[in-house]
Each structure stands twice: as structure tokens, then as C-alpha cells.
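Student: Sharing run.csv below, CSV, C-alpha atoms:
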chain,number,residue,atom,x,y,z
K,1,MET,CA,-16.5,8.5,-12.5
K,2,ARG,CA,-14.6,10.0,-15.4
K,3,ARG,CA,-13.5,6.5,-16.5
K,4,VAL,CA,-17.0,5.2,-16.4
K,5,SER,CA,-18.3,8.1,-18.5
K,6,LEU,CA,-15.6,7.5,-21.1
K,7,LEU,CA,-16.5,3.8,-21.2
K,8,TRP,CA,-20.2,4.5,-21.8
K,9,GLY,CA,-19.2,7.1,-24.5
K,10,THR,CA,-17.2,4.4,-26.3
K,11,TYR,CA,-20.0,1.9,-26.1
K,12,GLY,CA,-22.5,4.5,-27.4
K,13,ARG,CA,-20.3,5.4,-30.3
K,14,TRP,CA,-19.9,1.8,-31.3
K,15,CYS,CA,-23.6,1.2,-31.2
K,16,LEU,CA,-24.3,4.3,-33.2
K,17,VAL,CA,-21.7,3.6,-35.9
K,18,VAL,CA,-22.9,0.0,-36.3
K,19,LEU,CA,-26.5,1.1,-36.7
K,20,LEU,CA,-25.6,3.8,-39.2
K,21,THR,CA,-23.4,1.3,-41.2
K,22,ALA,CA,-26.4,-1.1,-41.3
K,23,LEU,CA,-28.6,1.7,-42.4
K,24,ALA,CA,-26.1,2.6,-45.2
K,25,VAL,CA,-26.0,-1.0,-46.3
K,26,LEU,CA,-29.8,-1.2,-46.5
K,27,ASN,CA,-30.0,2.0,-48.4
K,28,SER,CA,-27.3,0.8,-50.9
K,29,ALA,CA,-29.1,-2.5,-51.3
K,30,SER,CA,-32.4,-0.8,-52.0
K,31,THR,CA,-30.9,1.4,-54.7
K,32,ALA,CA,-29.2,-1.8,-56.2
K,33,GLY,CA,-32.4,-3.8,-56.7
K,34,GLY,CA,-32.1,-5.7,-53.4
K,35,ARG,CA,-28.6,-7.0,-53.9
K,36,TYR,CA,-26.4,-6.7,-50.8
K,37,VAL,CA,-23.1,-7.8,-52.4
K,38,THR,CA,-22.2,-4.7,-54.4
K,39,PRO,CA,-19.3,-2.2,-54.4
K,40,VAL,CA,-21.5,0.3,-52.6
K,41,THR,CA,-22.3,-2.1,-49.7
K,42,VAL,CA,-18.7,-3.2,-49.4
K,43,THR,CA,-17.6,0.4,-49.3
K,44,ALA,CA,-20.2,1.2,-46.6
K,45,VAL,CA,-18.9,-1.7,-44.4
K,46,LEU,CA,-15.3,-0.6,-44.8
K,47,CYS,CA,-16.1,3.0,-44.0
K,48,GLY,CA,-17.9,1.8,-40.8
K,49,LEU,CA,-14.9,-0.3,-39.8
K,50,ALA,CA,-12.6,2.7,-40.3
K,51,LEU,CA,-14.9,4.8,-38.0
K,52,LEU,CA,-14.8,2.1,-35.3
K,53,VAL,CA,-10.9,2.0,-35.1
K,54,ARG,CA,-10.0,5.1,-33.2
K,55,ARG,CA,-6.2,4.7,-33.6
K,56,LEU,CA,-6.3,5.3,-37.4
K,57,PRO,CA,-5.4,8.8,-38.6
K,58,TRP,CA,-8.3,11.1,-39.4
K,59,TYR,CA,-8.0,10.8,-43.1
K,60,ALA,CA,-8.4,7.0,-43.1
K,61,ALA,CA,-12.1,7.4,-42.4
K,62,ALA,CA,-12.8,10.9,-43.8
K,63,LEU,CA,-11.5,10.5,-47.3
K,64,PRO,CA,-13.2,7.1,-48.1
K,65,ALA,CA,-16.5,8.3,-46.6
K,66,THR,CA,-16.3,11.6,-48.6
K,67,ALA,CA,-15.4,9.8,-51.8
K,68,ALA,CA,-18.1,7.2,-51.4
K,69,THR,CA,-20.8,9.8,-50.7
K,70,GLY,CA,-19.7,11.8,-53.7
K,71,LEU,CA,-19.9,8.7,-56.0
K,72,TRP,CA,-23.1,7.0,-54.6
K,73,GLY,CA,-25.0,9.8,-53.0
K,74,TRP,CA,-27.5,9.7,-50.1
K,75,PRO,CA,-27.3,6.0,-49.2
K,76,LEU,CA,-23.9,6.7,-47.6
K,77,LEU,CA,-24.8,10.1,-46.1
K,78,PRO,CA,-25.2,8.7,-42.5
K,79,LEU,CA,-21.5,7.7,-42.4
K,80,LEU,CA,-20.4,11.1,-43.9
K,81,LEU,CA,-22.3,12.8,-41.1
K,82,VAL,CA,-20.4,10.8,-38.5
K,83,VAL,CA,-17.1,11.8,-40.2
K,84,LEU,CA,-18.0,15.5,-40.3
K,85,PHE,CA,-19.0,15.3,-36.6
K,86,ASP,CA,-15.7,13.8,-35.6
K,87,LEU,CA,-13.7,16.3,-37.6
K,88,ALA,CA,-15.5,19.3,-36.1
K,89,ALA,CA,-15.2,17.9,-32.6
K,90,ARG,CA,-11.4,17.5,-33.0
K,91,ARG,CA,-10.8,21.0,-34.1
K,92,ARG,CA,-10.7,20.2,-37.8
K,93,ALA,CA,-13.7,22.3,-38.8
K,94,ARG,CA,-12.0,23.5,-42.1
K,95,ILE,CA,-11.3,20.0,-43.2
K,96,ALA,CA,-14.9,19.0,-42.3
K,97,VAL,CA,-16.3,21.9,-44.4
K,98,GLY,CA,-14.0,20.9,-47.3
K,99,CYS,CA,-15.2,17.3,-47.2
K,100,ALA,CA,-18.9,18.4,-47.1
K,101,ALA,CA,-18.3,20.8,-50.0
K,102,VAL,CA,-16.6,18.0,-52.0
K,103,ALA,CA,-19.4,15.5,-51.4
K,104,LEU,CA,-22.2,18.0,-52.2
K,105,GLY,CA,-20.4,19.3,-55.3
K,106,ALA,CA,-19.8,15.7,-56.6
K,107,ASN,CA,-23.5,14.9,-56.2
K,108,LEU,CA,-24.3,17.5,-58.8
K,109,LEU,CA,-22.8,15.1,-61.4
K,110,ILE,CA,-24.3,11.8,-60.4
K,111,PRO,CA,-27.8,10.4,-61.3
K,112,PRO,CA,-30.7,12.3,-59.6
K,113,ALA,CA,-32.0,9.0,-58.1
K,114,VAL,CA,-29.2,8.9,-55.6
K,115,SER,CA,-28.1,12.6,-55.5
K,116,LEU,CA,-28.1,14.5,-52.2
K,117,TRP,CA,-29.9,17.3,-53.9
K,118,THR,CA,-33.1,15.3,-54.6
K,119,PRO,CA,-35.9,15.0,-53.7
K,120,GLN,CA,-35.4,18.0,-51.3
K,121,GLN,CA,-32.8,20.4,-52.7
K,122,TYR,CA,-31.5,21.6,-49.3
K,123,GLY,CA,-32.4,18.7,-47.0
K,124,SER,CA,-29.0,17.1,-47.1
K,125,THR,CA,-27.3,20.5,-46.6
K,126,LEU,CA,-29.3,21.0,-43.4
K,127,PHE,CA,-28.1,17.6,-42.0
K,128,VAL,CA,-24.5,18.5,-42.9
K,129,LEU,CA,-24.8,21.8,-41.0
K,130,LEU,CA,-26.3,20.1,-38.0
K,131,ALA,CA,-23.4,17.6,-37.9
K,132,LEU,CA,-20.8,20.4,-38.1
K,133,VAL,CA,-22.5,22.5,-35.4
K,134,GLY,CA,-23.0,19.5,-33.2
K,135,GLY,CA,-19.4,18.5,-33.5
K,136,LEU,CA,-18.1,21.9,-32.7
K,137,TRP,CA,-20.4,22.1,-29.6
K,138,VAL,CA,-19.4,18.7,-28.3
K,139,GLY,CA,-15.7,19.3,-29.0
K,140,ASN,CA,-15.8,22.6,-27.1
K,141,ARG,CA,-17.7,21.0,-24.2
K,142,ARG,CA,-15.1,18.2,-24.0
K,143,ARG,CA,-12.2,20.6,-23.9
K,144,LEU,CA,-14.0,22.7,-21.3
K,145,LEU,CA,-14.6,19.7,-19.1
K,146,THR,CA,-11.0,18.6,-19.5
K,147,ALA,CA,-9.7,22.0,-18.6
K,148,LEU,CA,-12.0,22.1,-15.5
K,149,GLY,CA,-10.8,18.7,-14.5
K,150,ASP,CA,-7.2,19.7,-14.8
K,151,GLN,CA,-7.9,22.9,-12.8
K,152,VAL,CA,-9.6,20.9,-10.0
K,153,GLU,CA,-6.6,18.5,-9.9
K,154,HIS,CA,-4.2,21.5,-9.8
K,155,LEU,CA,-6.2,23.1,-6.9
K,156,ARG,CA,-6.2,19.7,-5.1
K,157,ILE,CA,-2.4,19.4,-5.4
K,158,GLU,CA,-2.0,23.0,-4.4
K,159,ARG,CA,-4.1,22.6,-1.3
K,160,GLU,CA,-2.1,19.4,-0.3
K,161,LEU,CA,1.1,21.4,-0.7
K,162,ARG,CA,-0.3,24.2,1.4
K,163,GLU,CA,-1.4,21.8,4.1
K,164,GLU,CA,2.0,20.2,4.1
K,165,ALA,CA,3.7,23.6,4.4
K,166,ALA,CA,1.4,24.5,7.3
K,167,ARG,CA,2.3,21.2,9.0
K,168,ALA,CA,6.0,21.9,8.4
K,169,ALA,CA,5.7,25.4,9.8
K,170,GLU,CA,3.9,24.1,12.9
K,171,ARG,CA,6.7,21.5,13.4
K,172,SER,CA,9.2,24.3,13.2
K,173,ARG,CA,7.3,26.4,15.7
K,174,ILE,CA,7.0,23.4,18.1
K,175,ALA,CA,10.8,22.9,17.8
K,176,ALA,CA,11.5,26.5,18.5
K,177,GLU,CA,9.2,26.6,21.5
K,178,MET,CA,10.5,23.3,23.0
K,179,HIS,CA,14.0,24.6,22.4
K,180,ASP,CA,13.3,27.7,24.5
K,181,VAL,CA,11.6,25.7,27.3
K,182,LEU,CA,14.2,22.9,27.6
K,183,ALA,CA,17.1,25.2,27.1
K,184,HIS,CA,15.9,27.3,30.0
K,185,ARG,CA,15.6,24.3,32.3
K,186,LEU,CA,19.0,22.8,31.3
K,187,SER,CA,20.6,26.2,31.8
K,188,LEU,CA,19.2,26.3,35.3
K,189,ILE,CA,20.6,22.8,36.0
K,190,ALA,CA,24.0,23.8,34.8
K,191,LEU,CA,23.9,27.1,36.8
K,192,HIS,CA,22.9,25.5,40.1
K,193,THR,CA,25.5,22.7,39.7
K,194,GLY,CA,28.1,25.3,38.9
K,195,VAL,CA,27.2,27.2,42.1
K,196,LEU,CA,27.5,24.1,44.1
K,197,ALA,CA,30.8,23.1,42.5
K,198,THR,CA,32.3,26.4,43.7
K,199,ARG,CA,31.8,25.3,47.3
K,200,SER,CA,33.7,22.1,46.8
K,201,GLU,CA,35.6,22.5,50.1
K,202,GLN,CA,32.4,22.0,52.0
K,203,LEU,CA,31.3,18.9,50.1
K,204,PRO,CA,32.7,15.4,50.0
K,205,ALA,CA,34.9,14.4,47.1
K,206,PRO,CA,32.4,12.0,45.5
K,207,VAL,CA,29.7,14.6,45.5
K,208,VAL,CA,32.0,17.2,43.9
K,209,GLU,CA,32.8,14.7,41.2
K,210,ARG,CA,29.1,14.0,40.6
K,211,LEU,CA,28.4,17.7,40.4
K,212,ALA,CA,31.1,18.2,37.9
K,213,LEU,CA,29.8,15.3,35.8
K,214,LEU,CA,26.2,16.6,36.0
K,215,ARG,CA,27.3,20.1,35.0
K,216,THR,CA,29.3,18.7,32.0
K,217,ALA,CA,26.3,16.5,31.0
K,218,SER,CA,23.8,19.3,31.2
K,219,THR,CA,26.0,21.6,29.1
K,220,GLU,CA,26.6,19.0,26.5
K,221,ALA,CA,22.8,18.2,26.5
K,222,LEU,CA,22.1,21.9,25.9
K,223,ALA,CA,24.4,22.0,23.0
K,224,ASP,CA,23.0,18.8,21.5
K,225,LEU,CA,19.5,20.2,22.0
K,226,ARG,CA,20.3,23.4,20.0
K,227,ASP,CA,21.8,21.3,17.2
K,228,VAL,CA,18.9,18.9,16.9
K,229,LEU,CA,16.0,21.2,17.3
K,230,GLY,CA,17.7,24.0,15.5
K,231,ALA,CA,17.9,21.8,12.4
K,232,LEU,CA,14.1,21.7,12.4
K,233,ARG,CA,13.8,25.4,11.9
K,234,ASP,CA,13.6,26.9,8.4
K,235,PRO,CA,17.2,27.8,7.2
K,236,GLY,CA,17.7,31.5,6.8
K,237,CYS,CA,14.4,32.4,8.5
K,238,GLU,CA,14.5,34.1,11.9
K,239,PRO,CA,11.3,34.5,13.8
K,240,THR,CA,10.0,38.0,13.9
K,241,GLU,CA,9.1,37.7,17.5
K,242,ALA,CA,9.9,35.2,20.2
K,243,ALA,CA,7.1,32.7,20.7
K,244,PRO,CA,5.6,33.3,24.2
K,245,VAL,CA,5.7,30.5,26.7
K,246,PRO,CA,2.0,30.0,27.5
K,247,VAL,CA,1.5,29.7,31.2
K,248,LEU,CA,-1.8,30.5,32.8
K,249,ARG,CA,-1.3,34.3,32.8
K,250,ASP,CA,-0.6,34.2,29.1
K,251,VAL,CA,-4.0,32.7,28.4
K,252,ASP,CA,-5.4,35.3,30.6
K,253,ALA,CA,-3.6,37.9,28.6
K,254,LEU,CA,-5.0,36.6,25.4
K,255,VAL,CA,-8.5,36.8,26.8
K,256,GLU,CA,-7.9,40.3,28.2
K,257,GLN,CA,-6.6,41.4,24.7
K,258,ALA,CA,-9.7,39.9,23.1
K,259,ARG,CA,-12.0,41.8,25.6
K,260,ALA,CA,-10.1,45.0,25.0
K,261,ALA,CA,-10.8,44.6,21.2
K,262,GLY,CA,-14.5,44.3,21.9
K,263,GLN,CA,-14.8,40.5,21.9
K,264,GLN,CA,-17.0,38.8,24.6
K,265,ALA,CA,-14.8,36.1,26.1
K,266,GLU,CA,-15.4,33.9,29.1
K,267,LEU,CA,-12.6,31.8,30.6
K,268,ARG,CA,-12.9,28.9,33.0
K,269,VAL,CA,-9.9,27.0,34.2
K,270,GLU,CA,-9.6,23.8,36.2
K,271,GLY,CA,-6.4,22.8,37.8
K,272,ARG,CA,-3.0,24.5,37.6
K,273,PRO,CA,-0.8,24.9,34.5
K,274,GLU,CA,2.0,23.2,36.4
K,275,GLN,CA,0.0,20.0,36.4
K,276,ALA,CA,0.4,19.7,32.7
K,277,PRO,CA,3.7,19.2,30.7
K,278,ALA,CA,5.2,22.3,29.1
K,279,ALA,CA,4.3,21.0,25.6
K,280,HIS,CA,0.7,20.8,26.7
K,281,ARG,CA,0.7,24.4,27.9
K,282,LEU,CA,2.2,25.5,24.6
K,283,ALA,CA,-0.5,23.7,22.7
K,284,VAL,CA,-3.2,25.2,25.0
K,285,TYR,CA,-1.9,28.7,24.2
K,286,ARG,CA,-1.9,28.1,20.4
K,287,LEU,CA,-5.4,26.5,20.6
K,288,VAL,CA,-6.9,29.4,22.4
K,289,GLN,CA,-5.2,31.9,20.2
K,290,GLU,CA,-6.4,30.3,17.0
K,291,ALA,CA,-9.9,29.9,18.4
K,292,LEU,CA,-10.2,33.6,19.4
K,293,THR,CA,-8.8,34.6,16.0
K,294,ASN,CA,-11.3,32.5,14.1
K,295,ALA,CA,-14.2,33.7,16.2
K,296,ARG,CA,-13.1,37.3,15.6
K,297,LYS,CA,-13.0,36.7,11.8
K,298,HIS,CA,-16.1,34.6,11.3
K,299,ALA,CA,-18.4,35.4,14.2
K,300,GLY,CA,-17.9,39.0,15.1
K,301,GLY,CA,-19.8,40.1,18.2
K,302,ALA,CA,-20.6,36.6,19.3
K,303,PRO,CA,-19.7,35.5,22.8
K,304,VAL,CA,-16.8,33.0,23.2
K,305,ARG,CA,-16.6,30.5,26.0
K,306,ILE,CA,-13.2,28.9,26.9
K,307,GLN,CA,-12.9,25.9,29.2
K,308,LEU,CA,-9.4,24.6,30.1
K,309,CYS,CA,-8.5,21.7,32.3
K,310,TYR,CA,-4.9,20.9,33.2
K,311,ARG,CA,-5.6,18.0,35.6
K,312,PRO,CA,-4.5,14.4,34.8
K,313,PRO,CA,-5.2,12.2,33.0
K,314,ALA,CA,-5.5,14.7,30.1
K,315,THR,CA,-5.3,18.3,29.3
K,316,THR,CA,-8.5,19.4,27.6
K,317,VAL,CA,-9.4,22.6,25.8
K,318,GLU,CA,-12.9,23.5,24.6
K,319,VAL,CA,-13.8,26.8,22.9
K,320,THR,CA,-17.3,27.5,21.6
K,321,ASN,CA,-18.7,30.6,20.1
K,322,ALA,CA,-22.3,31.5,19.1
K,323,PRO,CA,-23.1,32.4,15.5
K,324,GLY,CA,-22.2,36.0,14.5
K,325,SER,CA,-21.4,38.2,11.5
K,326,PRO,CA,-18.2,37.5,9.6
K,327,ALA,CA,-15.7,40.2,9.2
K,328,ALA,CA,-15.8,42.2,6.0
K,329,HIS,CA,-12.3,41.2,4.7
K,330,ALA,CA,-12.0,37.8,6.4
K,331,VAL,CA,-10.1,35.2,4.4
K,332,ALA,CA,-10.8,31.6,5.3
K,333,SER,CA,-7.7,29.6,4.6
K,334,GLY,CA,-8.2,26.7,7.0
K,335,PHE,CA,-4.5,26.1,7.4
K,336,GLY,CA,-4.3,27.3,11.0
K,337,LEU,CA,-6.4,24.3,12.0
K,338,VAL,CA,-4.1,22.1,10.0
K,339,GLY,CA,-1.2,23.3,12.1
K,340,LEU,CA,-3.1,22.8,15.3
K,341,ARG,CA,-4.1,19.3,14.4
K,342,GLU,CA,-0.4,18.5,13.6
K,343,ARG,CA,0.6,19.8,17.0
K,344,VAL,CA,-2.1,17.9,18.9
K,345,THR,CA,-1.5,14.7,17.0
K,346,ALA,CA,2.2,14.9,17.7
K,347,LEU,CA,1.4,15.0,21.4
K,348,GLY,CA,-0.8,11.9,21.1
K,349,GLY,CA,-4.1,13.8,21.4
K,350,GLN,CA,-7.2,14.4,19.3
K,351,LEU,CA,-8.6,17.7,17.9
K,352,HIS,CA,-12.1,18.3,16.7
K,353,ALA,CA,-13.3,21.5,15.0
K,354,GLY,CA,-16.7,21.9,13.5
K,355,PRO,CA,-20.3,23.0,14.0
K,356,GLY,CA,-21.5,22.7,17.6
K,357,GLY,CA,-25.2,22.9,17.0
K,358,ALA,CA,-27.6,25.9,16.7
K,359,GLY,CA,-25.2,27.6,14.3
K,360,SER,CA,-22.4,27.7,16.9
K,361,TRP,CA,-18.8,26.6,16.3
K,362,ARG,CA,-16.8,24.3,18.6
K,363,LEU,CA,-13.1,23.6,18.9
K,364,ALA,CA,-12.1,20.8,21.3
K,365,ALA,CA,-8.8,19.1,22.0
K,366,ARG,CA,-7.8,16.3,24.4
K,367,ILE,CA,-4.1,15.6,25.0
K,368,PRO,CA,-3.4,12.7,27.4
K,369,HIS,CA,-0.7,13.2,30.0
K,370,PRO,CA,2.3,10.9,29.9
K,371,ALA,CA,2.2,8.0,32.3
K,372,ALA,CA,3.5,8.9,35.7
K,373,LEU,CA,6.2,6.8,37.3
K,374,VAL,CA,6.2,5.5,40.8
K,375,GLN,CA,9.4,5.1,42.8
K,376,ASN,CA,10.2,1.6,41.7
K,377,GLY,CA,9.9,2.6,38.0
K,378,THR,CA,6.6,0.9,37.3
K,379,PRO,CA,4.2,3.1,35.2
K,380,THR,CA,0.9,3.8,36.9
Once more with this new file: its structure as C-alpha cells, please.

Tutor:
Amino acid sequence: MRRVSLLWGTYGRWCLVVLLTALAVLNSASTAGGRYVTPVTVTAVLCGLALLVRRLPWYAAALPATAATGLWGWPLLPLLLVVLFDLAARRRARIAVGCAAVALGANLLIPPAVSLWTPQQYGSTLFVLLALVGGLWVGNRRRLLTALGDQVEHLRIERELREEAARAAERSRIAAEMHDVLAHRLSLIALHTGVLATRSEQLPAPVVERLALLRTASTEALADLRDVLGALRDPGCEPTEAAPVPVLRDVDALVEQARAAGQQAELRVEGRPEQAPAAHRLAVYRLVQEALTNARKHAGGAPVRIQLCYRPPATTVEVTNAPGSPAAHAVASGFGLVGLRERVTALGGQLHAGPGGAGSWRLAARIPHPAALVQNGTPT
């Protein structure tokens, strides 16, 4: 859009300069008895060409137009007005005033027939002032639009960086939570195999050997897990509190905390949390937590309805709240939803957050379960 506007501005300037150059040539010819090939007309054409070439320095068009207007008067005034407008728009108002003063002063010495001071003594001065004021206004407007465009671009880049930081923080949180869950399960495997290995006299030798191998493999897997997932955490940053493992009672605890704070929350659950993978339960906890927080910020006093389903083929979450009054000091950043979308997308699911009709707000997520395996290894 900005490029199209600049293109139209360039075409408009070309048309204006060509018309004013033709007008200056006609005026010069009328003062020369109808002759078009005169020094005045040639100078008018050269001044017009200098105005059309934008890469020339400012004095290449300003000085010839000022000198020509000072020597031959009002026939070349249109080109001088363009020069003054350009100088004022480019923050050269003092130079523009100086050129206008030189042209008007020189016209006091030329014949009255072409002088800028006749037939109206102050008519040309008014045109000069209009050109100067118009150039100053247009120049300030251009600079303001450029500054606003730069500010919008800066805000866009800043928002992208914030969204990327929110995604990175969510990935780090996912890594920490999965580390806690998987480390707990691998530790249980290592513990039970160690207990069985202590009763080696009651077990066959091949079984004892397999148990030792299983214990070694689980211990090494735990160490590798800490190295790989620990590298995803921010260096030098320790979490202020351990991320809770969200089983069903934790979602219940969130709802109870919301009710204790005066929030109207209704929870409906289908299936058991054990029917969904641990990563799904972690995502459910974060989704419900974020939804309750947003409802508390932006729809105070409105009832919140939470529906959870852990049953295959997908874990689904739907949280809706009716319209309410926003909190007095609520700050809408929108980056919590960015992190949630990153988490749900990483699990192969989809997240929708937006108006739900009648002024309500709806947050819904669907995370498909991984394909189950039958005994022969064929996915169902």
C-alpha cells in the first residue's frame, strides 16, 4: 500500500511539473511577442527538467529557478513556487525564504511589465507564502507518517519476539514437566528391578541377567533423559515452584480454588485421566488454569463451564464463560494463549480461542491419542 501511494505521488508530481513548465513557456512566449524559441522559454524548460530529476542536489533546481524568476519575472513564477515547496518540505525553510527574498528583491529592478510586484503589489508574495506554508505542512506530515510506520514495524517485530519468547518458555515448561513424569516412571522401573535382583537366589540365571540388564538400561535412560530435557531449560534459571502433575484431583483443586475466590465454575469430566497420556493431562491442567485466569481477568462474576473428556480417540477440553466485567487492573498480553497453542500443536492437536456467541468466550482444544498397538504390532 505504501509503495502504491509513493508511485501515485511520483506520477502526480511529474504531471504537475510538466503542466507548470508548459504554463511558464506559454507565459514567456506571450511576453516575447509570440516567439517560443527565446532564452526565457529555454530556461523554463531546463528548470522543469531539473525539477523532474529527483537525484540532483537541491541547488541544481533551486538556483536556476530563482535566478530566472529574478531576471524575467512572473512568467517563471510557477516553477519558483514548486522549488520553494520542495525546499520547505525537505527541512530547508531558511533556504526557501532566502530564494523567495532574492527573487522578489530582483524583481524591483526589472521592467514593470514582467515584475512580480505588478499589477497587484502583494499578489505574488501571497503565492510565495502559500508555497512555503504548504511545503512545511506536507514535509511534517510525511515525517509523521514515516515515524508512525516505523513505530508500527517496531511494535510488530517486538510482538513477534514476545510470541517467540512465550513459545520458548512453554517448550521449556513442557520439557521440565515431561522430565518429572518420565523420571518418576524410570525410577520406579529401576527400583523394582533392583529389588528383584536382590532375590537372585530364587530366580533362574537368565532372568537375573535380564533384570540386571533392565536395571542398567533404565538407569542410563534416566541419565540421558536428564541430559536431553535438561538442555531445553533456560540456563541459570531455576523454577520458583515445581510444576504440578495434573491428574484429575489437580483439576478439581483448580476449580475449588476458583470457587473459593468467588468464581462460579462448573466441571464435567468424562472418562478417567489414566485413559489419556501424561502429556495430555499436563496440557489439560494448563488449559484449564489459563482459561480460569482469563475469565477472572476479563469476565469477572461470569459463570465458567469446563468440560473434559479423556476417552479415546482424543482428549478434549472446552471452557466457556459468559460475558462479565473486566478486572480494574487487568493487562491483556495474549501470550498465554500463544504458549498453549505451542503446547497443543506439539502434541498434534488443535486449539481454538475466540468469541462463542452472545458475548461469551470459548476455549476449546482437541488432542488425538497416539495409535494403540495390538499384540502383533499392527497399529489399530

Student: Within 12 Å of Arg259 in chain K, counting all atoms listed in the file, which residues qualify if same-chain residues fewer than 5 places away don't, as a ChimeraX atom specification?

Tutor: /K:252-254,264-267,292,296,301-304

Student: Given the selection you just returned, output its residues as a file containing C-alpha atoms, formatted as a CSV table (one decimal), keeping the file's coordinate frame.

Tutor:
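What follows is the written file out-v6.csv:
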chain,number,residue,atom,x,y,z
K,252,ASP,CA,-5.4,35.3,30.6
K,253,ALA,CA,-3.6,37.9,28.6
K,254,LEU,CA,-5.0,36.6,25.4
K,264,GLN,CA,-17.0,38.8,24.6
K,265,ALA,CA,-14.8,36.1,26.1
K,266,GLU,CA,-15.4,33.9,29.1
K,267,LEU,CA,-12.6,31.8,30.6
K,292,LEU,CA,-10.2,33.6,19.4
K,296,ARG,CA,-13.1,37.3,15.6
K,301,GLY,CA,-19.8,40.1,18.2
K,302,ALA,CA,-20.6,36.6,19.3
K,303,PRO,CA,-19.7,35.5,22.8
K,304,VAL,CA,-16.8,33.0,23.2

Student: Kindly indicate which residue among K:Thr216, K:Leu144, K:Val344, K:Ala205 lies nearest to Leu186 in chain K, using all atoms listed in the file for the distances.

Tutor: K:Thr216

Student: At what distance in Å, to one decimal, does CA of Arg94 in chain K lie from CA of Thr10 in chain K?

Tutor: 25.3 Å

Student: Report as CSV the residues of range 254-299 of chain K within 10 Å of range 308-328 of chain K, each with its shortest atom pair and distance in Å (one decimal), using all atoms listed in the file, ordered by chain and increasing residue number.

Tutor:
residue,atom,partner,partner_atom,distance
K:Gln264,CA,K:Asn321,CA,9.5
K:Ala265,CA,K:Asn321,CA,9.0
K:Glu266,CA,K:Val319,CA,9.6
K:Leu267,CA,K:Leu308,CA,7.9
K:Arg268,CA,K:Leu308,CA,6.3
K:Val269,CA,K:Leu308,CA,4.8
K:Glu270,CA,K:Cys309,CA,4.6
K:Gly271,CA,K:Tyr310,CA,5.2
K:Arg272,CA,K:Tyr310,CA,6.0
K:Pro273,CA,K:Tyr310,CA,5.9
K:Glu274,CA,K:Tyr310,CA,7.9
K:Gln275,CA,K:Tyr310,CA,5.9
K:Ala276,CA,K:Tyr310,CA,5.5
K:Pro277,CA,K:Tyr310,CA,9.1
K:His280,CA,K:Thr315,CA,7.0
K:Arg281,CA,K:Tyr310,CA,8.5
K:Ala283,CA,K:Val317,CA,9.5
K:Val284,CA,K:Val317,CA,6.8
K:Tyr285,CA,K:Val317,CA,9.8
K:Leu287,CA,K:Val317,CA,7.6
K:Val288,CA,K:Val319,CA,7.4
K:Ala291,CA,K:Val319,CA,6.7
K:Leu292,CA,K:Val319,CA,8.5
K:Asn294,CA,K:Pro326,CA,9.6
K:Ala295,CA,K:Asn321,CA,6.7
K:Arg296,CA,K:Ala327,CA,7.5
K:Lys297,CA,K:Ala327,CA,5.1
K:His298,CA,K:Pro326,CA,4.0
K:Ala299,CA,K:Gly324,CA,3.9

Student: Extract, using all atoms listed in the file, all DNA, RNA and protein residues at most 9 Å from Ala61 in chain K, discarding same-chain residues fewer than 6 positions from it, and format them as number ranges by chain.

Tutor: K: 46-51, 83

Student: For CA of Leu71 in chain K and CA of Trp117 in chain K, determine how far apart the two atoms are, in Å to one decimal place.

Tutor: 13.4 Å

Student: For the atom pair CA of Asp86 in chain K and CA of Tyr59 in chain K, what is the interatomic distance in Å to one decimal place?

Tutor: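 Computed distance, CA of Asp86 in chain K to CA of Tyr59 in chain K, equals 11.2 Å.
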
Student: Would you list the residues near (-13.6, 23.6, 17.2) (no more than 7 Å away, in the coordinates of the file, using only C-alpha atoms) as a PyMOL selection string?

Tutor: chain K and resi 319-320+352-354+361-364

Student: Just checking: using all atoms listed in the file, which residue out of K:Gln350, K:Arg55, K:Val251, K:Glu256 ends up closest to Gln307 in chain K?

Tutor: K:Val251
